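Here is the file entry-v2.tsv (TSV, C-alpha atoms).
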chain	number	residue	atom	x	y	z
A	1	MET	CA	83.16	99.26	103.73
A	2	GLY	CA	84.40	98.77	100.19
A	3	GLU	CA	82.60	96.89	97.46
A	4	VAL	CA	83.65	93.78	95.58
A	5	LEU	CA	82.73	94.38	91.95
A	6	GLY	CA	83.07	92.59	88.64
A	7	ARG	CA	85.15	94.27	85.97
A	8	ALA	CA	82.18	95.84	84.14
A	9	GLY	CA	80.66	97.14	87.36
A	10	LEU	CA	83.99	98.60	88.44
A	11	ILE	CA	84.48	100.38	85.11
A	12	ALA	CA	80.99	101.90	85.44
A	13	ARG	CA	81.66	103.00	89.04
A	14	VAL	CA	84.98	104.63	88.09
A	15	GLN	CA	83.28	106.50	85.24
A	16	GLN	CA	80.57	107.66	87.64
A	17	ASP	CA	83.19	108.83	90.16
A	18	ARG	CA	84.99	110.80	87.46
A	19	THR	CA	81.82	112.74	86.63
A	20	GLN	CA	82.03	113.92	90.25
A	21	GLY	CA	85.68	114.93	89.86
A	22	LEU	CA	87.06	112.07	91.97
A	23	THR	CA	90.50	110.53	91.38
A	24	HIS	CA	91.56	106.89	91.70
A	25	ALA	CA	94.58	105.06	93.07
A	26	PHE	CA	95.11	101.42	92.16
A	27	ALA	CA	96.90	98.70	94.15
A	28	ASN	CA	97.11	94.96	93.63
A	29	GLY	CA	98.25	91.74	95.23
A	30	ALA	CA	97.33	88.27	96.43
A	31	PHE	CA	96.43	89.37	99.99
A	32	ASP	CA	96.56	85.79	101.22
A	33	LEU	CA	96.42	86.04	105.02
A	34	LEU	CA	96.29	89.75	105.73
A	35	HIS	CA	99.13	91.22	107.76
A	36	VAL	CA	100.29	94.66	108.89
A	37	GLY	CA	102.34	95.18	105.72
A	38	HIS	CA	99.16	94.89	103.64
A	39	ILE	CA	97.37	97.42	105.85
A	40	ARG	CA	100.22	99.93	105.64
A	41	TYR	CA	100.49	99.48	101.86
A	42	LEU	CA	96.77	100.05	101.30
A	43	ASP	CA	96.55	102.96	103.77
A	44	ALA	CA	99.43	104.68	101.97
A	45	ALA	CA	97.88	103.96	98.56
A	46	LYS	CA	94.59	105.52	99.68
A	47	ARG	CA	96.39	108.79	100.45
A	48	GLU	CA	97.29	109.08	96.76
A	49	ALA	CA	93.71	109.71	95.50
A	50	ASP	CA	90.05	110.07	96.45
A	51	ARG	CA	89.18	106.41	95.84
A	52	LEU	CA	91.26	103.24	96.18
A	53	ILE	CA	90.77	100.30	93.83
A	54	VAL	CA	92.40	97.01	94.85
A	55	ALA	CA	92.85	94.18	92.36
A	56	VAL	CA	93.15	90.75	94.02
A	57	ASN	CA	94.84	87.86	92.19
A	58	ASP	CA	92.50	84.95	91.50
A	59	ASP	CA	93.28	81.53	92.99
A	60	ALA	CA	94.95	80.13	89.86
A	61	SER	CA	97.34	83.07	89.54
A	62	VAL	CA	98.27	82.86	93.24
A	63	ARG	CA	99.10	79.16	92.79
A	64	GLY	CA	101.27	80.07	89.80
A	65	LEU	CA	103.08	82.79	91.75
A	66	LYS	CA	103.33	81.26	95.23
A	67	GLY	CA	103.15	77.47	94.75
A	68	ALA	CA	100.71	74.57	94.89
A	69	ASN	CA	99.80	75.06	98.57
A	70	ARG	CA	98.60	78.62	98.05
A	71	PRO	CA	96.37	80.47	98.37
A	72	ILE	CA	95.35	79.66	101.93
A	73	LEU	CA	92.07	81.56	101.50
A	74	ALA	CA	89.81	81.45	98.42
A	75	GLU	CA	89.73	84.48	96.13
A	76	SER	CA	86.20	85.46	97.18
A	77	ASP	CA	87.22	85.42	100.87
A	78	ARG	CA	90.38	87.41	100.18
A	79	ALA	CA	88.40	89.98	98.20
A	80	GLU	CA	85.83	90.33	100.99
A	81	LEU	CA	88.54	90.79	103.63
A	82	VAL	CA	90.31	93.45	101.57
A	83	ALA	CA	86.99	95.24	100.93
A	84	ALA	CA	86.41	95.42	104.69
A	85	LEU	CA	89.55	97.54	105.22
A	86	ARG	CA	88.85	101.23	105.84
A	87	ALA	CA	91.19	102.42	103.09
A	88	VAL	CA	89.56	100.37	100.33
A	89	ASP	CA	86.70	101.58	98.16
A	90	TYR	CA	86.53	98.95	95.40
A	91	VAL	CA	87.90	95.42	94.97
A	92	VAL	CA	88.05	93.40	91.78
A	93	ILE	CA	89.45	89.89	91.23
A	94	PHE	CA	91.76	89.46	88.23
A	95	SER	CA	93.23	86.44	86.47
A	96	GLU	CA	95.73	87.93	84.01
A	97	PRO	CA	99.50	87.59	84.58
A	98	THR	CA	99.72	91.36	85.22
A	99	VAL	CA	97.22	94.10	85.99
A	100	ALA	CA	98.05	95.93	82.73
A	101	PRO	CA	94.66	95.10	81.13
A	102	LEU	CA	92.84	96.48	84.18
A	103	LEU	CA	95.00	99.59	84.20
A	104	GLU	CA	94.22	100.18	80.52
A	105	ALA	CA	90.48	99.75	81.15
A	106	LEU	CA	90.33	101.89	84.31
A	107	ARG	CA	93.15	104.40	83.75
A	108	PRO	CA	93.62	105.26	87.42
A	109	GLU	CA	95.53	108.44	88.04
A	110	VAL	CA	97.98	106.59	90.30
A	111	HIS	CA	99.26	103.00	90.18
A	112	CYS	CA	100.62	102.13	93.64
A	113	LYS	CA	103.22	99.44	94.28
A	114	GLY	CA	104.98	98.34	97.44
A	115	THR	CA	108.49	99.21	98.51
A	116	ASP	CA	109.90	96.02	97.01
A	117	TYR	CA	109.65	97.94	93.69
A	118	THR	CA	111.13	101.12	92.31
A	119	VAL	CA	109.35	103.24	89.71
A	120	ASP	CA	111.65	101.70	87.09
A	121	THR	CA	110.94	98.07	88.10
A	122	VAL	CA	107.12	98.24	88.16
A	123	PRO	CA	106.04	95.72	85.49
A	124	GLU	CA	103.17	97.91	84.27
A	125	ARG	CA	105.14	101.18	84.15
A	126	GLU	CA	104.89	101.57	80.36
A	127	THR	CA	101.13	100.98	80.43
A	128	VAL	CA	100.70	103.65	83.11
A	129	ARG	CA	102.96	106.12	81.32
A	130	ALA	CA	101.15	105.53	78.01
A	131	TYR	CA	97.82	106.78	79.37
A	132	GLY	CA	99.37	109.61	81.41
A	133	GLY	CA	99.13	108.13	84.89
A	134	ARG	CA	101.82	108.13	87.53
A	135	ILE	CA	103.40	105.45	89.70
A	136	ALA	CA	103.73	105.79	93.47
A	137	ILE	CA	105.86	103.51	95.65
A	138	VAL	CA	104.01	103.28	98.96
A	139	GLY	CA	103.95	101.44	102.27
A	140	ASP	CA	106.60	100.49	104.75
A	141	PRO	CA	109.75	98.48	104.04
A	142	LYS	CA	108.93	95.01	102.74
A	143	ASP	CA	109.74	93.09	105.93
A	144	HIS	CA	106.32	91.44	106.28
A	145	SER	CA	105.07	88.60	104.12
A	146	THR	CA	102.48	85.86	104.17
A	147	SER	CA	105.19	83.33	103.28
A	148	ASP	CA	107.15	84.36	106.39
A	149	LEU	CA	104.02	84.07	108.54
A	150	LEU	CA	103.36	80.57	107.23
A	151	SER	CA	106.96	79.55	107.92
A	152	ARG	CA	106.72	80.86	111.48
A	153	LEU	CA	103.48	78.94	112.05
A	154	LYS	CA	105.22	75.72	110.97
A	155	SER	CA	108.36	76.30	113.03
A	156	PRO	CA	109.14	73.87	115.88
A	157	ALA	CA	109.95	76.78	118.22
A	158	LEU	CA	106.44	78.19	117.83
A	159	SER	CA	104.88	74.76	118.37
A	160	GLU	CA	106.95	74.28	121.56
A	161	ARG	CA	105.97	77.72	122.84
A	162	LYS	CA	102.27	76.97	122.21
A	163	ARG	CA	102.61	73.67	124.10
A	164	VAL	CA	104.33	75.27	127.09
A	165	GLU	CA	101.93	78.28	127.22
A	166	GLY	CA	98.84	76.16	126.58

Would you write the structure of this file as structure tokens?
Amino acid sequence: MGEVLGRAGLIARVQQDRTQGLTHAFANGAFDLLHVGHIRYLDAAKREADRLIVAVNDDASVRGLKGANRPILAESDRAELVAALRAVDYVVIFSEPTVAPLLEALRPEVHCKGTDYTVDTVPERETVRAYGGRIAIVGDPKDHSTSDLLSRLKSPALSERKRVEG
């Protein structure tokens, strides 16, 4: 099981890992209501290095990105769920608009983004290039989303099916 760490603790752990010759991949997201797309993204990111660091957006940044009714789960719960995934070694919660400050502090060998990006559209690409890291586009096609799950849960067809099956 992975660990949820504060920024200072994570920096120390990464430095310790490096003394043992271990490499790091970095992934990030809101991870509000885990779904198969998240699992595939993180499993693929883990294959890029010895250790996988996952940065989880704090509650305020999720509200800013996804709307007033999000997140569904609190940041501490989302971080704990992500840490429980087999691919994940370390989880940190972040509040900045991008993960660039974390990337600069940690300097992971690989910054992983989902297939809704290309190497040229990753917002932090210049940060990663500046310290000599690389970007990997990982996971399956972006046809899973928490927003879609929430819409399906609210749909009348699903409610009718639950009533009939219940």

Which polymer residues have any atom within 8 Å of an atom of Arg78 of chain A, counting only C-alpha atoms, with same-chain residues fewer than 6 positions away left out, as an mmCIF file with C-alpha atoms, in the coordinates of the input?
data_model
loop_
_atom_site.group_PDB
_atom_site.id
_atom_site.type_symbol
_atom_site.label_atom_id
_atom_site.label_comp_id
_atom_site.auth_asym_id
_atom_site.auth_seq_id
_atom_site.Cartn_x
_atom_site.Cartn_y
_atom_site.Cartn_z
ATOM 1 C CA ALA A 30 97.330 88.270 96.430
ATOM 2 C CA PHE A 31 96.430 89.370 99.990
ATOM 3 C CA ASP A 32 96.560 85.790 101.220
ATOM 4 C CA LEU A 33 96.420 86.040 105.020
ATOM 5 C CA VAL A 56 93.150 90.750 94.020
#

* Asked: Distance atom CA of Pro141 of chain A-atom CA of Arg40 of chain A, one decimal place?
  ->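 Value for the atom CA of Pro141 of chain A-atom CA of Arg40 of chain A distance: 9.8 Å.
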
All file atoms of segment 90-102 of chain A boxed axis-aligned, 5 Å per side, centre plus edges, as JSON:
{"center_x": 93.1, "center_y": 92.7, "center_z": 88.3, "size_x": 23.2, "size_y": 22.5, "size_z": 24.3}

* Determine the nearest neighbour of Glu3 of chain A from the options A:Asp89, A:Asp77, A:Glu104, A:Asp50, counting only C-alpha atoms. =>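 Looking at the shortest contact to Glu3 of chain A, the residue is A:Asp89.
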
* Give as a list in words each residue that has an atom at most 8 Å from (105.9, 104.4, 95.7) in the file, counting only C-alpha atoms. =>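 Taken together, the residues in range are Cys112, Lys113, Gly114, Thr115, Tyr117, Thr118, Val119, Ile135, Ala136, Ile137, Val138 and Gly139 of chain A.
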
* Nearest to Phe94 of chain A among A:Leu5, A:Ala45, A:Leu106, A:Ala55, with distances taken over all atoms listed in the file: which residue is it? -> A:Ala55

* Structure fact -> Using only C-alpha atoms, the shortest atom-to-atom distance to Asn28 of chain A among A:Pro71, A:Pro97, A:Gly64, A:Gly6 belongs to A:Pro97

* Could you tell me which of A:Asp43, A:His38, A:Val92, A:Ala74 comes closest to Arg13 of chain A if we count all atoms listed in the file? =>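 Result for the nearest residue to Arg13 of chain A: A:Val92.
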
* In Å to one decimal, how far is atom CA of Arg51 of chain A from atom CA of Leu34 of chain A? ->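 Taking atom CA of Leu34 of chain A as the start and atom CA of Arg51 of chain A as the end point, the length is 20.6 Å.
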
* To do: Please indicate the distance in Å from atom CA of Pro123 of chain A to atom CA of Ala100 of chain A, rounded to one decimal place.
  =>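 For atom CA of Pro123 of chain A relative to atom CA of Ala100 of chain A, the distance reads 8.5 Å.
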